[in-house]
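Peer 1: Enclosed is the structure file start_17.cif (mmCIF, C-alpha atoms).
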```cif
data_run
loop_
_atom_site.label_atom_id
_atom_site.label_comp_id
_atom_site.auth_asym_id
_atom_site.auth_seq_id
_atom_site.Cartn_x
_atom_site.Cartn_y
_atom_site.Cartn_z
CA MET A 1 67.39 72.81 108.81
CA ASN A 2 65.57 76.09 108.03
CA ARG A 3 66.24 78.27 105.00
CA SER A 4 68.72 80.62 106.71
CA HIS A 5 70.74 77.68 107.99
CA ARG A 6 70.77 76.10 104.54
CA LEU A 7 72.07 79.33 103.04
CA ALA A 8 74.77 79.65 105.70
CA ALA A 9 75.85 76.05 105.13
CA ALA A 10 75.99 76.61 101.40
CA CYS A 11 78.21 79.66 101.88
CA GLY A 12 80.57 77.67 104.10
CA ALA A 13 80.71 74.84 101.58
CA LEU A 14 81.48 77.24 98.74
CA LEU A 15 84.44 78.95 100.37
CA LEU A 16 86.86 77.60 97.79
CA VAL A 17 88.83 80.53 96.45
CA SER A 18 90.03 78.65 93.40
CA VAL A 19 86.42 78.03 92.33
CA CYS A 20 84.40 80.95 93.59
CA GLY A 21 87.00 83.72 93.70
CA PRO A 22 87.52 86.22 96.52
CA VAL A 23 84.68 87.97 98.24
CA LEU A 24 85.17 91.66 97.46
CA PRO A 25 84.09 94.48 99.77
CA ALA A 26 81.44 96.75 98.36
CA ALA A 27 82.54 100.25 97.40
CA HIS A 28 80.73 103.06 99.20
CA ALA A 29 80.23 106.55 97.86
CA ASP A 30 81.47 108.11 101.09
CA GLU A 31 84.79 106.20 101.04
CA PRO A 32 87.83 108.31 100.08
CA ALA A 33 89.32 107.61 96.66
CA PRO A 34 92.18 105.10 96.74
CA LYS A 35 95.61 106.63 96.15
CA VAL A 36 97.93 104.70 93.86
CA LEU A 37 101.61 105.40 93.19
CA LEU A 38 103.12 103.58 90.23
CA MET A 39 106.88 103.16 90.70
CA LEU A 40 108.99 102.36 87.64
CA ASP A 41 112.60 101.18 87.41
CA SER A 42 114.56 103.14 84.77
CA SER A 43 117.99 101.85 85.80
CA GLY A 44 120.68 100.87 83.32
CA SER A 45 119.77 97.18 83.38
CA MET A 46 116.39 98.03 81.84
CA LYS A 47 118.32 98.39 78.55
CA ASP A 48 118.45 94.59 78.42
CA ALA A 49 116.42 92.93 75.68
CA ASP A 50 113.07 91.34 76.42
CA PRO A 51 112.14 88.04 74.69
CA SER A 52 109.22 89.80 72.96
CA GLY A 53 111.57 92.35 71.33
CA GLY A 54 112.71 95.79 72.42
CA THR A 55 114.24 96.67 75.76
CA LYS A 56 112.79 95.78 79.14
CA LEU A 57 111.95 99.44 79.70
CA ASP A 58 110.11 99.68 76.37
CA VAL A 59 107.99 96.68 77.35
CA ALA A 60 107.43 97.99 80.89
CA LYS A 61 106.26 101.36 79.55
CA LYS A 62 103.73 99.78 77.19
CA SER A 63 102.45 97.39 79.86
CA LEU A 64 102.09 100.15 82.45
CA ILE A 65 100.21 102.41 80.04
CA ARG A 66 97.83 99.61 79.03
CA ALA A 67 97.26 98.73 82.68
CA LEU A 68 95.94 102.25 83.35
CA ASP A 69 92.65 101.09 81.83
CA SER A 70 92.20 98.59 84.67
CA ILE A 71 92.55 101.16 87.46
CA PRO A 72 89.19 102.35 88.87
CA SER A 73 88.20 105.75 87.50
CA ASN A 74 87.80 107.21 91.00
CA ALA A 75 91.41 106.40 91.98
CA GLU A 76 94.05 109.08 92.45
CA VAL A 77 97.17 107.98 90.60
CA GLY A 78 100.76 109.20 90.40
CA LEU A 79 104.09 108.05 88.97
CA ARG A 80 107.56 107.95 90.52
CA VAL A 81 110.58 106.82 88.47
CA TYR A 82 114.04 105.94 89.75
CA GLY A 83 117.38 105.48 88.01
CA ALA A 84 116.58 107.86 85.14
CA ASP A 85 118.54 111.03 85.86
CA ALA A 86 121.99 110.14 87.24
CA ASP A 87 124.71 107.85 85.96
CA GLY A 88 124.99 104.48 87.66
CA ASN A 89 127.78 102.59 89.41
CA GLY A 90 127.71 104.84 92.45
CA ALA A 91 128.04 108.13 90.57
CA SER A 92 127.15 111.34 92.39
CA GLY A 93 123.43 111.51 93.08
CA ALA A 94 122.80 107.91 92.04
CA CYS A 95 121.35 106.87 95.41
CA SER A 96 118.85 109.74 95.46
CA ASP A 97 117.98 109.42 91.76
CA SER A 98 114.21 109.28 92.16
CA ARG A 99 111.69 111.67 90.69
CA LEU A 100 107.97 112.22 91.10
CA ALA A 101 107.14 112.32 87.40
CA HIS A 102 103.39 112.79 87.84
CA PRO A 103 101.80 113.90 91.13
CA VAL A 104 99.14 111.75 92.77
CA GLY A 105 95.78 113.11 91.67
CA ALA A 106 92.65 112.37 89.68
CA LEU A 107 93.32 109.62 87.13
CA ASP A 108 94.86 111.32 84.07
CA LYS A 109 95.69 108.60 81.55
CA ALA A 110 97.06 110.98 78.94
CA GLY A 111 99.29 112.79 81.43
CA LEU A 112 100.52 109.56 83.00
CA SER A 113 101.20 108.00 79.60
CA ALA A 114 103.28 111.02 78.57
CA ALA A 115 105.20 110.90 81.85
CA ILE A 116 105.87 107.16 81.50
CA ASN A 117 107.15 107.54 77.94
CA GLN A 118 109.71 110.27 78.66
CA PHE A 119 112.28 108.07 80.43
CA GLN A 120 115.25 106.07 79.17
CA PRO A 121 117.31 103.52 81.13
CA ARG A 122 120.37 105.03 82.77
CA GLY A 123 121.35 104.71 86.41
CA ASP A 124 121.26 102.67 89.60
CA THR A 125 118.37 101.19 91.62
CA PRO A 126 117.64 103.28 94.75
CA ILE A 127 114.49 101.43 95.81
CA ALA A 128 114.52 102.20 99.55
CA TYR A 129 114.96 105.93 98.95
CA SER A 130 112.18 105.87 96.36
CA LEU A 131 109.79 104.12 98.74
CA LYS A 132 110.49 106.64 101.48
CA GLU A 133 109.77 109.50 99.08
CA GLY A 134 106.79 107.63 97.66
CA ALA A 135 105.15 107.46 101.07
CA LYS A 136 105.28 111.26 101.14
CA ASP A 137 103.82 111.45 97.60
CA LEU A 138 100.72 109.57 98.77
CA GLY A 139 99.98 111.99 101.59
CA ASP A 140 98.01 111.13 104.70
CA GLY A 141 94.89 109.06 105.14
CA GLY A 142 92.82 106.86 102.87
CA LYS A 143 93.81 103.70 101.03
CA ARG A 144 97.39 104.10 99.86
CA HIS A 145 98.92 101.67 97.42
CA VAL A 146 102.37 101.39 95.80
CA ILE A 147 102.83 99.23 92.69
CA LEU A 148 106.54 98.82 92.00
CA VAL A 149 108.06 97.34 88.82
CA SER A 150 111.76 96.44 88.89
CA ASP A 151 114.20 94.17 87.06
CA GLY A 152 116.78 94.12 89.85
CA GLU A 153 117.62 94.52 93.50
CA GLU A 154 118.59 97.57 95.55
CA THR A 155 122.01 99.01 94.64
CA CYS A 156 122.18 101.55 97.47
CA SER A 157 121.23 101.48 101.15
CA PRO A 158 119.35 100.89 103.39
CA ASP A 159 117.73 97.55 102.73
CA PRO A 160 114.26 98.24 101.23
CA CYS A 161 112.55 95.55 103.33
CA GLN A 162 113.79 97.23 106.49
CA GLU A 163 112.79 100.64 105.14
CA ILE A 164 109.23 99.41 104.64
CA ARG A 165 109.09 97.89 108.12
CA GLU A 166 110.27 101.17 109.63
CA LEU A 167 107.76 103.21 107.63
CA ILE A 168 104.90 101.03 108.80
CA ALA A 169 106.17 100.94 112.38
CA GLY A 170 106.26 104.74 112.24
CA GLY A 171 102.55 104.86 111.48
CA VAL A 172 102.58 104.97 107.67
CA SER A 173 99.69 102.84 106.41
CA LEU A 174 100.11 101.59 102.87
CA GLN A 175 100.09 98.45 100.75
CA ILE A 176 103.08 97.63 98.58
CA ASP A 177 102.88 95.20 95.67
CA THR A 178 105.97 94.39 93.63
CA VAL A 179 106.51 92.99 90.15
CA GLY A 180 109.85 91.44 89.25
CA PHE A 181 110.46 91.68 85.51
CA GLY A 182 112.95 89.07 84.31
CA VAL A 183 114.72 89.02 87.66
CA GLY A 184 117.30 86.67 89.17
CA ASP A 185 116.98 84.84 92.48
CA LYS A 186 118.46 87.61 94.64
CA ALA A 187 116.19 90.32 93.24
CA ARG A 188 113.18 87.99 93.38
CA GLN A 189 113.77 87.30 97.07
CA GLN A 190 114.18 90.99 97.87
CA LEU A 191 111.08 92.07 95.95
CA ALA A 192 109.04 89.29 97.56
CA CYS A 193 110.30 90.40 100.98
CA MET A 194 109.25 93.96 100.22
CA ALA A 195 105.74 92.87 99.24
CA GLU A 196 105.39 90.78 102.39
CA ALA A 197 106.61 93.63 104.59
CA GLY A 198 104.15 95.96 102.85
CA GLY A 199 101.14 93.65 103.19
CA GLY A 200 100.98 93.05 99.44
CA SER A 201 101.94 90.40 96.91
CA TYR A 202 104.89 89.68 94.66
CA TYR A 203 104.32 88.92 90.97
CA ASP A 204 106.98 87.24 88.83
CA ALA A 205 106.87 88.41 85.20
CA LYS A 206 109.10 86.63 82.72
CA ASP A 207 107.95 88.41 79.54
CA ALA A 208 105.72 91.17 78.16
CA ASP A 209 102.47 89.19 78.41
CA SER A 210 102.96 88.17 82.04
CA LEU A 211 104.07 91.69 82.98
CA GLU A 212 100.95 93.26 81.48
CA ALA A 213 98.70 90.63 83.06
CA SER A 214 100.23 91.26 86.49
CA LEU A 215 99.87 95.04 86.20
CA ARG A 216 96.27 94.79 84.98
CA GLN A 217 95.36 92.58 87.93
CA LEU A 218 97.04 94.92 90.39
CA GLY A 219 95.34 97.92 88.83
CA SER A 220 91.89 96.37 89.14
CA GLU A 221 92.51 95.47 92.79
CA THR A 222 93.50 98.94 93.96
CA VAL A 223 89.97 99.97 94.90
CA HIS A 224 89.60 97.01 97.23
CA GLY A 225 92.84 97.49 99.16
CA HIS A 226 93.71 93.80 99.19
CA THR A 227 95.43 91.18 97.09
CA VAL A 228 94.26 87.79 95.87
CA ALA A 229 95.82 84.63 97.27
CA ASP A 230 95.62 81.25 95.56
CA THR A 231 95.27 79.19 98.75
CA ALA A 232 92.05 77.19 98.80
CA VAL A 233 89.81 77.28 101.88
CA ARG A 234 88.05 74.02 102.71
CA GLY A 235 84.34 74.40 103.31
CA GLU A 236 82.21 72.34 105.71
CA GLY A 237 78.62 71.11 105.64
CA THR A 238 77.25 73.09 108.60
CA PRO A 239 77.51 76.71 109.73
CA ALA A 240 79.07 75.68 113.03
CA ASP A 241 81.92 73.88 111.26
CA ALA A 242 82.51 76.46 108.53
CA PRO A 243 85.93 78.21 108.53
CA GLU A 244 86.13 81.82 109.69
#
```
Let me see the file written as structure tokens.

Peer 2:
Amino acid sequence: MNRSHRLAAACGALLLVSVCGPVLPAAHADEPAPKVLLMLDSSGSMKDADPSGGTKLDVAKKSLIRALDSIPSNAEVGLRVYGADADGNGASGACSDSRLAHPVGALDKAGLSAAINQFQPRGDTPIAYSLKEGAKDLGDGGKRHVILVSDGEETCSPDPCQEIRELIAGGVSLQIDTVGFGVGDKARQQLACMAEAGGGSYYDAKDADSLEASLRQLGSETVHGHTVADTAVRGEGTPADAPE
């Protein structure tokens, strides 16, 4: 076996994600900056206490602000918040209660931090409407990425999974990752469905530490336009037998 074949065989044998980690695409100077929209739940249930102390929203704010440090400096980042402006329980305007709190643009940590900190928990959870508006916030072209943090399921209509499928079927290209913060089974299933429909991943965060870890990982991955899976790939001893 010559040197090139030995190298190829070694690469095939080392394709174990749990050991070697994912192979990341190289960033190129001529690639457009990735566009990232952070989407935060400010519904009434975010008043609930977190095990670490404070409300869920207090913890989510701190975690989101700290996670800004993990986002690549060339990314364009914005913030959309839902459930912050209208009363809940189906009150007037509750199902369109979604606001672009910081436009998508050059990473502005101070501006984003100030925008994140201004909200208090109040209303319902209009996720589908927020995603539809969020797709507009990200504009056309380039790598577009939504990172959504929620502690509950949709309280309005339509179903957010279906909304994502329709957006993508209509030609909208974006990745959607979701983080469930102290959620029950129904919300977990819906958020996982949304991530699958949006070509992303679902992260289950039970407390402040796991929420911050999830957001930091998602922030660091935005430049690559992919998510990490924990499924091992079995390598083989020869190039011909190596997995694709």

Peer 1: Which is closest to A:Lys132 among A:Leu40, A:Ala110, A:Ala75, A:Leu167, if we use all atoms listed in the file?

Peer 2: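 Among the listed residues, A:Leu167 lies closest to A:Lys132.
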
Peer 1: Just say which residues the PyMOL selection byres ((chain A and resi 144) around 12) picks in this file, as an NGL selection string.

Peer 2: :A and (32-38 or 75-78 or 104 or 134-143 or 145-147 or 172-177 or 198-200 or 222-226)

Peer 1: Could you list, as a PyMOL selection string, every residue matched by the PyMOL selection byres ((chain A and resi 214) around 12) in this structure?

Peer 2: chain A and resi 60+63-64+66-67+70+147-149+177-181+201-213+215-221+227-228

Peer 1: Taking into account all atoms listed in the file, which residue in the set A:Pro126, A:Gly105, A:Gly83, A:Pro121 is nearest to A:Pro158?

Peer 2: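 Using all atoms listed in the file, A:Pro158 sits closest to A:Pro126.
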
Peer 1: Let me make sure I understand: among A:Gln162, A:Thr55, A:Ser150, A:Ser42, which one has the smallest atom-to-atom distance to A:Cys193 if we use all atoms listed in the file?

Peer 2: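 Nearest to A:Cys193: A:Gln162.
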
Peer 1: Compare A:Asp69, A:Asp50, A:Asp185, A:Glu133 by their minimum atom-to-atom distance to A:Leu100, counting all atoms listed in the file, and give me the closest one.

Peer 2: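 Going through A:Asp69, A:Asp50, A:Asp185, A:Glu133 one by one, the smallest distance to A:Leu100 is for A:Glu133.
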
Peer 1: Find the residues near A:Cys156: any atom within 12 Å, counting only C-alpha atoms, skip ones fewer than 5 places away on the same chain, and give them as a list in words.

Peer 2: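 Everything that qualifies: Gly83, Gly88, Asn89, Gly90, Ala91, Gly93, Ala94, Cys95, Ser96, Asp97, Gly123, Asp124, Thr125, Pro126, Ile127, Ala128, Tyr129 and Ser130 of chain A.
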
Peer 1: What is the distance between atom CA of A:Ile65 and atom CA of A:Phe119, in Å to one decimal?

Peer 2: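 A separation of 13.3 Å between them.
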
Peer 1: Using atom CA of A:Asp87 and atom CA of A:Gln190 as the two end points, give the distance in Å to one decimal.

Peer 2: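 These two atoms are separated by 23.2 Å.
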
Peer 1: Calculate how many Å separate atom CA of A:Ile71 from atom CA of A:Asp108, rounding to one decimal.

Peer 2: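 Separation between atom CA of A:Ile71 and atom CA of A:Asp108: 11.0 Å.
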
Peer 1: The PyMOL selection byres ((chain A and resi 102) around 8) on the file shown: which residues, as a VMD selection string?

Peer 2: chain A and resid 78 to 80 100 to 101 103 to 104 111 to 112 115
